[in-house]
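To start, the structure under review is shown below, and the notes come after it.
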6 protein chains.
Amino acid sequence: MTVFRVAEIVEALQSVRQQWREVQQRSLEPGGRELPAREALAEIVDTLKGVLFPMRLGPPELRQESENFYVGHALDAGLHKLLAQARLELRYRARRDDPDLDEIERRAETAVHAFAQRLPAIRVLLDSDVLAAFDGDPAAGSVDEVLLCYPGVLAMIHHRFAHELYRLGLPLLARILSELAHAATGIDIHPGAQIGSAFFIDHGTGVVIGETAVIGERVRVYQAVTLGAKRFPRDAAGKLEKGLARHPIVEDDVVIYAGATILGRVTLGRGAVIGGNVWLTESVPAGAHVTQAISRHETRPAASARAGQHGQQPAGVPS
Amino acid sequence: MTVFRVAEIVEALQSVRQQWREVQQRSLEPGGRELPAREALAEIVDTLKGVLFPMRLGPPELRQESENFYVGHALDAGLHKLLAQARLELRYRARRDDPDLDEIERRAETAVHAFAQRLPAIRVLLDSDVLAAFDGDPAAGSVDEVLLCYPGVLAMIHHRFAHELYRLGLPLLARILSELAHAATGIDIHPGAQIGSAFFIDHGTGVVIGETAVIGERVRVYQAVTLGAKRFPRDAAGKLEKGLARHPIVEDDVVIYAGATILGRVTLGRGAVIGGNVWLTESVPAGAHVTQAISRHETRPAASARAGQHGQQPAGVPS
Amino acid sequence: MTVFRVAEIVEALQSVRQQWREVQQRSLEPGGRELPAREALAEIVDTLKGVLFPMRLGPPELRQESENFYVGHALDAGLHKLLAQARLELRYRARRDDPDLDEIERRAETAVHAFAQRLPAIRVLLDSDVLAAFDGDPAAGSVDEVLLCYPGVLAMIHHRFAHELYRLGLPLLARILSELAHAATGIDIHPGAQIGSAFFIDHGTGVVIGETAVIGERVRVYQAVTLGAKRFPRDAAGKLEKGLARHPIVEDDVVIYAGATILGRVTLGRGAVIGGNVWLTESVPAGAHVTQAISRHETRPAASARAGQHGQQPAGVPS
Amino acid sequence: MTVFRVAEIVEALQSVRQQWREVQQRSLEPGGRELPAREALAEIVDTLKGVLFPMRLGPPELRQESENFYVGHALDAGLHKLLAQARLELRYRARRDDPDLDEIERRAETAVHAFAQRLPAIRVLLDSDVLAAFDGDPAAGSVDEVLLCYPGVLAMIHHRFAHELYRLGLPLLARILSELAHAATGIDIHPGAQIGSAFFIDHGTGVVIGETAVIGERVRVYQAVTLGAKRFPRDAAGKLEKGLARHPIVEDDVVIYAGATILGRVTLGRGAVIGGNVWLTESVPAGAHVTQAISRHETRPAASARAGQHGQQPAGVPS
Amino acid sequence: MTVFRVAEIVEALQSVRQQWREVQQRSLEPGGRELPAREALAEIVDTLKGVLFPMRLGPPELRQESENFYVGHALDAGLHKLLAQARLELRYRARRDDPDLDEIERRAETAVHAFAQRLPAIRVLLDSDVLAAFDGDPAAGSVDEVLLCYPGVLAMIHHRFAHELYRLGLPLLARILSELAHAATGIDIHPGAQIGSAFFIDHGTGVVIGETAVIGERVRVYQAVTLGAKRFPRDAAGKLEKGLARHPIVEDDVVIYAGATILGRVTLGRGAVIGGNVWLTESVPAGAHVTQAISRHETRPAASARAGQHGQQPAGVPS
Amino acid sequence: MTVFRVAEIVEALQSVRQQWREVQQRSLEPGGRELPAREALAEIVDTLKGVLFPMRLGPPELRQESENFYVGHALDAGLHKLLAQARLELRYRARRDDPDLDEIERRAETAVHAFAQRLPAIRVLLDSDVLAAFDGDPAAGSVDEVLLCYPGVLAMIHHRFAHELYRLGLPLLARILSELAHAATGIDIHPGAQIGSAFFIDHGTGVVIGETAVIGERVRVYQAVTLGAKRFPRDAAGKLEKGLARHPIVEDDVVIYAGATILGRVTLGRGAVIGGNVWLTESVPAGAHVTQAISRHETRPAASARAGQHGQQPAGVPS
């Protein structure tokens, strides 16, 4: 019968936790966990998707004539669960000070209340995103297919919720929502990014949009596009400066094709078209078309189609 | 005790739903949901994976001597669930006309029956894909490891099912299957793409293969490869034209390394090798090796390895 | 009532399984499944995450004063589940020979015992990774947010477990752990890669790190970076040679920005900085800054911002 | 490796099923199951309990201000699930004839509609039952404790639903509801029994109330009471005659103590009190108190309290 | 498409709820549910069973060498869940007054703390119950079979927990525990009953033991035994008087066979044996054997064994 | 924050477990649990019910044309799970000796193999039980209703499985099956009881049938009937003698009405009818009708129907 000297390892683990807590100046008083939970937020966002789109993302047995009952019940349940998570974030962030619990409660309620008020407007924005995807993709069969299937739409549902939470002083909840979408779609939009209506991301894997990016209306973006920062200024003490506007401004009706990388606080003027794989660190005027310089390719006939497999092959992969 | 004015928000949400339905000319009659369900298709594909590979992807307690009982039971259950989803898609697409329910039933049954007949052939194709991965990856320990672990193989299982459904007039079900694989692997293959046997995608994150792509036998593709369209022609009314052949043809034994982008209805001739990061919009003869033009790099010594952290850093990321 | 001729298809499927088993020289004796299970490993890694970080990734209701009870119980349960999977891998790999079950048991226990001893050191390494992320990302709010949300940290938790298993002769279990992280994050690190402390991957989608890569301390890597092999040498018989050192060595304090591709057994010297999208197949001295050659862009004013939508558009996407 | 000759047993089982179906003249055509499902009805009754008592038997997170949303949503869902089961019962019972599906649909909808209309009245009746239990049991702490804990109340919730279904022509659904309560409480009330308001069953295990029993208002009954039939008349063909009034009539304000057995179409007059263990097969006038004849007990001193354990013990148990 | 006029019924239900709340003088302020939950207590009792008998009723994968870790973790989790339920009961019972939340917290913690201290003693008592069952039943194969299978033991596990809670001022939690056992076993023991060690209930269905019963050591009881009250005195206002000693005292080593009914504050002296079906309302001296008076049976030969089925049958059942 | 001194209680619990193990002479070596699991057997019996009655108790989506696939798969899975439990029982019972694992394996396989062979015969017996219930109960609507709803039929399904296991040397598994039925129905049949075909138990709560009872064909039994032992002989050492024939023999076509108690190795002759509540400790000839002596009832008019509620009430209940 196997014995793994569990007690010894438990002790060693306790000792490394202790070290961490001392370095991090964590309270060593007994107590429970005070962090918001990823699973709880996943459930909340599922509920809210059903609230916004009851007949398409709500429970399958729902019927139109009793939608409002479902919406009301789910909304109430979802908001109270969100309130509980909001409390956790606010208490967590107030931790080192002596927290004013009444103030935390007041702020949590205010934030969730404001969030709730925004839901109809969020639905309108998401409708515009769905239509933009339908209009922009020749392969889209219907608006419902788009809502059901498109990862870009899923990412925007999460983002539009997350952005409200970010604005309302709940950045950790916002970030968890974003990462849930990132895990499901490969699309990484920081909750801080401001994105206008009718935004369409096609395919989406590898898209990264930074915290201070500002995106206009009717913008279209393809897979692996980065809207990033060019530099991270550090202050005198060598610490990263936070909150600086460091990501691109993308005006209305811009299209950015797959793999393009736009870095820094540059502006892509209204209606500009950025070609695939373009690397761009400066502004572009309205209406401009930017394409990659034509790469010269070295094309040489191979001795035989299978030859490469017997000698050394050129490769671009780890394996 | 918190009250969120739920009733008000319910009303506002109803009003925006109303608007959407009017704009979309949706029927406002009472009734239930008529859309296929992502969860149902996830379950179906799980069942069918067990049907094709009972001892490796079926239930863990299965024994070889009673495989056929399991296969028969799971197949029957899976096909009837698929039939139910097929009905939903066909009714949904017939929605605006007065649907002929008998005709829908007949078409759903015909499609699922034809799908079922294809399953043995699909298994043979997938066996060839598994072997291709095993042969093509020095890190692969065994064919079973490949079937169990490789995201490229998972993507192909979904694709080979999805492609049949697409061919049989069930494009929405097909698309849902594709997106399930996309979410799990970062590999986005349109169900319309025609792909020959022994296809191997390594690593896979960011691979995109378009609807009208045609891929031969024994083709190998690495992560972040795009087989895309070059242009989207629009008709006189400004609408995207659908169904045009607009993606590459890749002949037998071609290898395409990571990050290469091939756009438009070009042909990569038999045995061609396309290097990493290549951007290609024209055809390539059989046996050709195309590599990226050598980029000149500007390499300058930094004052010190840590220096960058005290000033402004060059960056290519959003953060 | 629909009948799908299930019996016929069952027979056809049996026949293709038969073919495969003959080609693969699989035993046709009755018997159960002998493969490790992805679901079991997912559960094990979840348990071990709770063991290492009980108050943050353990059960929500846990309290600090009884951490050790939880850690001990979960550790014991997790190790025994791991032992069961280790047995399965060792038996599976010994399959074709007449397996010495006592030897397998001994090796499984030795491996899991050694793995267990490493857990405190793994926790220390992961603490350094968390701190590196917190220090390296201006958007990070707290170390707990980093542990909870960052896909790069999740990938490293899996990697640090997987690397131990790989070292201890359990490469299949290791690979399954890696692929679980790959599916969740888009980050694909081979379990063989050696990675020093305080490693930070930001955003992460599309990162690929190969089997023989060696990475120093305090290295930072952004999305879509590849540390790959340049060639796959094959032996006289045309078979891929395994186990050769074929991936980069990255020394301490190196930073590699998004989309950079480093191929082959090259060395990036201490403190080097590799710019975004750089394609690199040769070594770089300590302290060097490598940036992409400035691409010339062809920028032409478009007739109108919307014009492209009425004619033919340049595109870089499949759709 | 064990083989259980599964195929042989499967064949033998098929052959005994075949025999049964022939004897029962069951259709041998292919087809699915047409029986209502116990699990479905358990779920329906759970839903309806929440509909009637939202704050006490509904979901724990419910709040009073949004009760109506919950009640509306749950009611709609519950009624449609009940409709599905009603269809199954009606089709099942019409089986041997060529079923008129439209007629079945019409009857199912009519029945469920009528059932729904009765729900407020059922709630009022159940409130009276709860109050009766609270008033009748010195151990009852509050009306909420009674609703939450008392098996007699659970049995009456099921019965009051089941009786409506029985009246509306759905005796099989009604029976399933009764048996669900029987399994949970040991109280077996036939759905046909007519029971007035403020009915209280204390303890309840072993209570049996027959199909044609008629019970007035404010009646109290204790454990192991039987209201049964005295004889089962058979017709000339030796078949049991159905539907005859064969169980007791119990008028208002009657109390029946534990273990009493009342058989046949007798009448217990208003306010009668029937003592424990009484065996009664004739009517009793209003206000009568019936007690068991005093049994003479043979009381003999035992040699010693422990003596019985060394010799032969008198026993009344199987063991 | 069916519409059930859900809105109308919702309104009618609201109106009957309103009536109830007015009659019951319930607060109509918005707010959540404040009642302990049956499901929560079922989970707590399952946890505590594992705490007391880790290797037999704990998780199947547990090993003896790490029992204490499991016990500690489960105990901590179970006690905190119990604390939450204790708070709910105390708040609920304080409801009509302005509750002193600090006082409630203090009382809840005190009670759960005292409960926890009693667990080792409860385990000792339950061990004695298990041994008593093993010694008293010729069909018992082992002590473990008894613990695993015997409904009487399950009932005593619940009772010994429930009695502590009752004593500690948590009668509603206690009652819920009792009713959980009642539903599972048909044995209904009021939490107030005082029961000595080595108590054995065989078969058990229909056993009822009242609130003020006092039972000595080594007592044995068979199915359908009632230890009940003879009368319920009411006060001048017609209300039941609570808390009076109204159930039997059963001294050490008494045996009560199946179906016996003992009513009122009588005493069964040490070592008394009460025969099956005895009806007893007076005290019995130590060592007495009480058996039922011999009933005379009317035995008449039936014309034929099957005859009864053609005429009218005597019956004692409802059907 | 509450601390419950968990460590102290853990220690105290360990100490009482230690005592128990010493008294019970349990091995104190480390190791896992070796007991069969109630949950596992519940799952097995559910599977086997589906195997015997696939279209009525199998999965709802099953269709007749693929029954055999389901039956074969479920049978194989169920038998192997049963084999695992059989091993546990045999190892457990061999515990104190040095167990011969090969012998245990051989016996487990032999037993489960023999059990499997009996399944078709068990189905035939159960069909006769279902028909007996249908014929014997005027309230039975159809044979399917009987199979779906009647607790007596559920008890017989469990019993007919349990009796085979008992005969095959697996009494603990058998007992667990019996107790599962006992919990669900209140019917307690010892697995050892021999019961002929066409056995019908109506209502059933409180029925107890002892280990050595022998019951013929076409016997009918109502609720609360006991077929028990009269005495438990003890041997010279004071230990209960096991295995003696101590319960009644009930010949063909006997009917026993509710509440009758038959004790000891008596014989109820063919066709005898035993009336309700009869207490019987001697044999009865074929064709006899035994009814209770007419109890004299003391019937006195009460002053008023409600009067009892203002004074002291006669009662037969604990409350």
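The way I read the labels, and the way they are meant: chains A, B, ... in the order of the structure tokens, residue 1 as the first residue of every chain, and ligand 1 as the first ligand shown, with later ones counted on from there.
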Using only C-alpha atoms, determine which residues of chain F fall within 8 Å of chain B; present them as a short mmCIF file (atom, residue, chain, number, x, y, z; two decimals) with N, CA, C and O atoms, in the first residue's frame.
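The result, stored in iface-v9.cif:
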data_model
loop_
_atom_site.label_atom_id
_atom_site.label_comp_id
_atom_site.auth_asym_id
_atom_site.auth_seq_id
_atom_site.Cartn_x
_atom_site.Cartn_y
_atom_site.Cartn_z
N GLU F 61 -35.21 7.73 -24.63
CA GLU F 61 -35.12 7.93 -26.07
C GLU F 61 -34.95 6.61 -26.83
O GLU F 61 -34.80 6.62 -28.05
N LEU F 62 -34.97 5.49 -26.12
CA LEU F 62 -34.74 4.21 -26.78
C LEU F 62 -35.86 3.87 -27.75
O LEU F 62 -37.01 4.20 -27.55
N SER F 66 -33.67 -0.79 -31.87
CA SER F 66 -32.27 -0.90 -31.45
C SER F 66 -32.15 -1.31 -29.98
O SER F 66 -31.12 -1.12 -29.35
N GLU F 67 -33.23 -1.89 -29.47
CA GLU F 67 -33.21 -2.41 -28.10
C GLU F 67 -32.00 -3.29 -27.80
O GLU F 67 -31.38 -3.17 -26.74
N ASN F 68 -31.73 -4.23 -28.70
CA ASN F 68 -30.69 -5.21 -28.38
C ASN F 68 -29.32 -4.56 -28.18
O ASN F 68 -28.53 -5.01 -27.36
N PHE F 69 -29.04 -3.51 -28.95
CA PHE F 69 -27.77 -2.82 -28.76
C PHE F 69 -27.71 -2.25 -27.35
O PHE F 69 -26.71 -2.39 -26.64
N TYR F 70 -28.79 -1.60 -26.98
CA TYR F 70 -28.82 -1.03 -25.64
C TYR F 70 -28.68 -2.12 -24.57
O TYR F 70 -27.89 -2.00 -23.63
N VAL F 71 -29.48 -3.16 -24.73
CA VAL F 71 -29.48 -4.23 -23.74
C VAL F 71 -28.07 -4.82 -23.61
O VAL F 71 -27.55 -5.02 -22.50
N GLY F 72 -27.43 -5.06 -24.73
CA GLY F 72 -26.09 -5.66 -24.70
C GLY F 72 -25.09 -4.74 -24.03
O GLY F 72 -24.29 -5.16 -23.18
N HIS F 73 -25.13 -3.47 -24.39
CA HIS F 73 -24.17 -2.53 -23.81
C HIS F 73 -24.41 -2.35 -22.32
O HIS F 73 -23.48 -2.40 -21.50
N ASP F 76 -23.49 -5.56 -20.31
CA ASP F 76 -22.05 -5.71 -20.15
C ASP F 76 -21.50 -4.75 -19.10
O ASP F 76 -20.75 -5.13 -18.20
N ALA F 77 -21.92 -3.51 -19.20
CA ALA F 77 -21.46 -2.51 -18.23
C ALA F 77 -21.94 -2.87 -16.82
O ALA F 77 -21.17 -2.83 -15.85
#
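Here CA of Gly264 (chain F) is placed at a distance of 15.7 Å from CA of Pro285 (chain F).
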Query raised in the report: With distances taken over only C-alpha atoms, which of E:Arg246, E:Arg21, E:Arg220, E:Arg231 is nearest to Gly271 (chain E)?
Result: E:Arg220
Requested in this report: Compile the contact shell of Ala114 (chain D) as a PyMOL selection string: residues with an atom at most 10 Å away, counting only C-alpha atoms, same-chain residues fewer than 4 positions apart removed.
Outcome: (chain D and resi 108-110+118-119+164-165+168) or (chain E and resi 4)
Just the selected residues (N, CA and C atoms), exported as a CSV table (one decimal), in the first residue's frame, please.
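The resulting again.csv:
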chain,number,residue,atom,x,y,z
D,108,ALA,N,-55.6,17.1,-24.2
D,108,ALA,CA,-54.4,17.4,-23.3
D,108,ALA,C,-54.4,18.9,-22.9
D,109,GLU,N,-54.6,19.7,-23.9
D,109,GLU,CA,-54.6,21.2,-23.6
D,109,GLU,C,-55.7,21.6,-22.7
D,110,THR,N,-56.9,21.0,-23.0
D,110,THR,CA,-58.0,21.3,-22.2
D,110,THR,C,-57.8,20.9,-20.7
D,118,ARG,N,-57.1,25.8,-11.6
D,118,ARG,CA,-57.4,25.4,-10.2
D,118,ARG,C,-56.2,25.7,-9.2
D,119,LEU,N,-55.1,26.1,-9.7
D,119,LEU,CA,-54.0,26.3,-8.8
D,119,LEU,C,-54.2,27.3,-7.7
D,164,GLU,N,-56.8,16.6,-8.9
D,164,GLU,CA,-57.2,17.4,-10.1
D,164,GLU,C,-56.9,16.6,-11.4
D,165,LEU,N,-55.7,16.0,-11.5
D,165,LEU,CA,-55.4,15.3,-12.7
D,165,LEU,C,-56.3,14.1,-12.9
D,168,LEU,N,-59.5,15.2,-14.2
D,168,LEU,CA,-59.4,15.7,-15.6
D,168,LEU,C,-59.1,14.6,-16.6
E,4,PHE,N,-51.4,29.5,-21.9
E,4,PHE,CA,-52.1,29.1,-20.8
E,4,PHE,C,-52.6,30.2,-19.9
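Inside region 58-258 of chain B, the residues DSSP reads as strand (DSSP E or B) when given the backbone are Arg63, Asp188, Ile189, Gln194, Ile195, Phe200, Ile201, Val208, Ile209, Val214, Ile215, Arg220, Val221, Thr226, Leu227, Gly228, Ala229, Arg234, Leu240, Ile249, Val250, Val255 and Ile256 of chain B.
The closest residue to Gln223 (chain C), picked from C:Ala272, C:Ala258, C:Ile249, C:Val143 and counting only C-alpha atoms, is C:Ala258.
The space separating CA of Leu148 (chain D) from CA of Glu39 (chain E) comes to 11.1 Å.
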Report task. From a DSSP calculation on the backbone, collect every residue of region 113-210 of chain C in helix (DSSP H, G or I) and output the set as a ChimeraX atom specification. Result -> /C:113-136,143-149,151-167,171-185
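Across the model, the gap from CA of Leu79 (chain D) to CA of Arg107 (chain D) is 14.3 Å.
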Query raised in the report: Near region 199-201 of chain E, counting only C-alpha atoms, which residues have an atom at most 7 Å away, once you skip same-chain residues fewer than 2 positions from it, shown as a PyMOL selection string?
Result: chain E and resi 129+132-133+152+196-197+203-204+217-222
Prev. selection, C-alpha atoms, output as a PDB file, in the first residue's frame:
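Contents of part_33.pdb, freshly written:
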ATOM      1  CA  ASP E 129     -25.909   1.130  18.600  1.00  0.00           C
ATOM      2  CA  ALA E 132     -26.425  -3.762  19.639  1.00  0.00           C
ATOM      3  CA  ALA E 133     -27.822  -4.362  16.143  1.00  0.00           C
ATOM      4  CA  GLY E 152     -32.401   1.670  12.323  1.00  0.00           C
ATOM      5  CA  GLY E 196     -29.495   5.677  25.941  1.00  0.00           C
ATOM      6  CA  SER E 197     -26.646   3.751  24.397  1.00  0.00           C
ATOM      7  CA  HIS E 203     -36.870  -3.272  10.365  1.00  0.00           C
ATOM      8  CA  GLY E 204     -38.226  -0.042  11.704  1.00  0.00           C
ATOM      9  CA  GLU E 217     -29.671   1.505  27.748  1.00  0.00           C
ATOM     10  CA  ARG E 218     -29.706  -1.662  25.659  1.00  0.00           C
ATOM     11  CA  VAL E 219     -33.354  -1.252  24.646  1.00  0.00           C
ATOM     12  CA  ARG E 220     -34.614  -3.107  21.581  1.00  0.00           C
ATOM     13  CA  VAL E 221     -37.626  -2.057  19.484  1.00  0.00           C
ATOM     14  CA  TYR E 222     -39.191  -3.622  16.373  1.00  0.00           C
TER      15      TYR E 222
END
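The environment of Thr205 (chain D) within 6 Å, counting only C-alpha atoms and disregarding residues fewer than 4 places along the same chain, consists of Gly186, Ile187, Gln223 and Ala224 of chain D; Gly206 of chain E.
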Please dump the current selection as a compact mmCIF listing (two decimals), in the first residue's frame; keep N, CA and C atoms.
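The result, written out as again-v9.txt:
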# COMPACT_ATOMS: atom_id res chain seq x y z
N GLY D 186 -44.40 7.31 3.01
CA GLY D 186 -45.12 6.14 3.52
C GLY D 186 -46.62 6.34 3.59
N ILE D 187 -47.11 7.45 3.05
CA ILE D 187 -48.55 7.74 3.03
C ILE D 187 -49.08 7.47 1.63
N GLN D 223 -50.84 7.99 12.08
CA GLN D 223 -50.10 6.98 11.32
C GLN D 223 -50.84 5.64 11.27
N ALA D 224 -50.62 4.91 10.18
CA ALA D 224 -51.10 3.53 10.02
C ALA D 224 -52.61 3.40 10.01
N GLY E 206 -42.58 2.41 10.38
CA GLY E 206 -43.73 2.69 11.21
C GLY E 206 -43.43 2.98 12.67
Requested in this report: Identify, on the basis of only C-alpha atoms, every residue whose closest approach to Leu170 (chain F) does not exceed 9 Å; exclude the query and any residue fewer than 2 positions from it along the same chain; express the result as a PyMOL selection string.
Outcome: chain F and resi 86+89-90+108+111+162+164-168+172-175
Go ahead and write the selection's residues with all heavy atoms as a short mmCIF file (atom, residue, chain, number, x, y, z; two decimals), in the first residue's frame.
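Dumped to selection16.cif:
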data_model
loop_
_atom_site.label_atom_id
_atom_site.label_comp_id
_atom_site.auth_asym_id
_atom_site.auth_seq_id
_atom_site.Cartn_x
_atom_site.Cartn_y
_atom_site.Cartn_z
N ALA F 86 -18.75 -7.46 -6.28
CA ALA F 86 -18.64 -8.82 -5.77
C ALA F 86 -17.23 -9.07 -5.23
O ALA F 86 -17.05 -9.64 -4.15
CB ALA F 86 -18.97 -9.82 -6.89
N GLU F 89 -16.99 -7.47 -1.82
CA GLU F 89 -17.61 -8.25 -0.74
C GLU F 89 -16.75 -9.47 -0.38
O GLU F 89 -16.53 -9.74 0.81
CB GLU F 89 -19.01 -8.73 -1.12
CG GLU F 89 -19.53 -9.74 -0.09
CD GLU F 89 -21.03 -10.00 -0.09
OE1 GLU F 89 -21.75 -9.43 -0.93
OE2 GLU F 89 -21.47 -10.79 0.78
N LEU F 90 -16.28 -10.18 -1.39
CA LEU F 90 -15.53 -11.41 -1.09
C LEU F 90 -14.21 -11.09 -0.40
O LEU F 90 -13.81 -11.77 0.55
CB LEU F 90 -15.31 -12.21 -2.38
CG LEU F 90 -16.61 -12.76 -3.00
CD1 LEU F 90 -16.33 -13.38 -4.36
CD2 LEU F 90 -17.28 -13.78 -2.07
N ALA F 108 -15.82 -14.57 -7.63
CA ALA F 108 -16.60 -13.40 -8.06
C ALA F 108 -17.09 -13.59 -9.49
O ALA F 108 -18.27 -13.37 -9.80
CB ALA F 108 -15.74 -12.13 -7.94
N ALA F 111 -19.84 -16.25 -9.71
CA ALA F 111 -21.13 -15.79 -9.18
C ALA F 111 -21.81 -14.84 -10.17
O ALA F 111 -23.00 -14.97 -10.47
CB ALA F 111 -20.91 -15.10 -7.83
N ALA F 162 -31.86 -9.69 -5.63
CA ALA F 162 -31.15 -9.90 -4.36
C ALA F 162 -31.13 -11.38 -3.99
O ALA F 162 -30.13 -11.88 -3.46
CB ALA F 162 -31.83 -9.09 -3.25
N GLU F 164 -31.05 -13.96 -5.93
CA GLU F 164 -30.00 -14.65 -6.69
C GLU F 164 -28.63 -14.41 -6.07
O GLU F 164 -27.82 -15.32 -5.94
CB GLU F 164 -29.98 -14.18 -8.15
CG GLU F 164 -31.12 -14.64 -8.99
CD GLU F 164 -31.31 -16.16 -9.01
OE1 GLU F 164 -30.28 -16.89 -9.02
OE2 GLU F 164 -32.45 -16.61 -8.98
N LEU F 165 -28.36 -13.16 -5.73
CA LEU F 165 -27.04 -12.84 -5.16
C LEU F 165 -26.84 -13.56 -3.83
O LEU F 165 -25.75 -14.05 -3.54
CB LEU F 165 -26.91 -11.32 -4.98
CG LEU F 165 -26.92 -10.52 -6.29
CD1 LEU F 165 -26.93 -9.02 -5.99
CD2 LEU F 165 -25.71 -10.87 -7.15
N TYR F 166 -27.91 -13.63 -3.05
CA TYR F 166 -27.87 -14.33 -1.76
C TYR F 166 -27.53 -15.80 -1.99
O TYR F 166 -26.66 -16.36 -1.34
CB TYR F 166 -29.24 -14.15 -1.10
CG TYR F 166 -29.43 -14.87 0.21
CD1 TYR F 166 -29.11 -14.24 1.41
CD2 TYR F 166 -29.98 -16.14 0.25
CE1 TYR F 166 -29.33 -14.89 2.62
CE2 TYR F 166 -30.20 -16.80 1.46
CZ TYR F 166 -29.87 -16.18 2.64
OH TYR F 166 -30.08 -16.82 3.83
N ARG F 167 -28.21 -16.39 -2.95
CA ARG F 167 -27.97 -17.81 -3.26
C ARG F 167 -26.54 -18.03 -3.76
O ARG F 167 -25.96 -19.09 -3.56
CB ARG F 167 -28.92 -18.28 -4.36
CG ARG F 167 -30.33 -18.58 -3.87
CD ARG F 167 -31.13 -19.15 -5.03
NE ARG F 167 -30.41 -20.21 -5.69
CZ ARG F 167 -30.02 -20.21 -6.98
NH1 ARG F 167 -30.33 -19.18 -7.77
NH2 ARG F 167 -29.33 -21.21 -7.49
N LEU F 168 -26.00 -17.03 -4.44
CA LEU F 168 -24.68 -17.19 -5.05
C LEU F 168 -23.55 -16.79 -4.11
O LEU F 168 -22.41 -16.60 -4.54
CB LEU F 168 -24.62 -16.38 -6.35
CG LEU F 168 -25.55 -16.89 -7.46
CD1 LEU F 168 -25.73 -15.83 -8.55
CD2 LEU F 168 -24.98 -18.18 -8.07
N LEU F 172 -24.07 -9.74 1.31
CA LEU F 172 -24.01 -8.31 1.63
C LEU F 172 -24.54 -7.47 0.47
O LEU F 172 -25.33 -6.55 0.65
CB LEU F 172 -22.57 -7.92 2.00
CG LEU F 172 -22.33 -6.45 2.36
CD1 LEU F 172 -23.31 -5.95 3.39
CD2 LEU F 172 -20.91 -6.27 2.87
N LEU F 173 -24.12 -7.83 -0.75
CA LEU F 173 -24.68 -7.12 -1.91
C LEU F 173 -26.20 -7.29 -1.92
O LEU F 173 -26.95 -6.34 -2.19
CB LEU F 173 -24.10 -7.67 -3.22
CG LEU F 173 -22.58 -7.58 -3.40
CD1 LEU F 173 -22.22 -7.89 -4.85
CD2 LEU F 173 -22.05 -6.22 -3.01
N ALA F 174 -26.64 -8.51 -1.64
CA ALA F 174 -28.07 -8.79 -1.64
C ALA F 174 -28.78 -7.90 -0.62
O ALA F 174 -29.83 -7.29 -0.92
CB ALA F 174 -28.30 -10.26 -1.30
N ARG F 175 -28.20 -7.80 0.55
CA ARG F 175 -28.82 -7.00 1.59
C ARG F 175 -28.90 -5.53 1.21
O ARG F 175 -29.89 -4.84 1.49
CB ARG F 175 -28.02 -7.16 2.89
CG ARG F 175 -28.57 -6.41 4.07
CD ARG F 175 -29.93 -6.99 4.43
NE ARG F 175 -30.59 -6.24 5.47
CZ ARG F 175 -30.68 -6.63 6.75
NH1 ARG F 175 -30.17 -7.78 7.12
NH2 ARG F 175 -31.32 -5.89 7.62
#
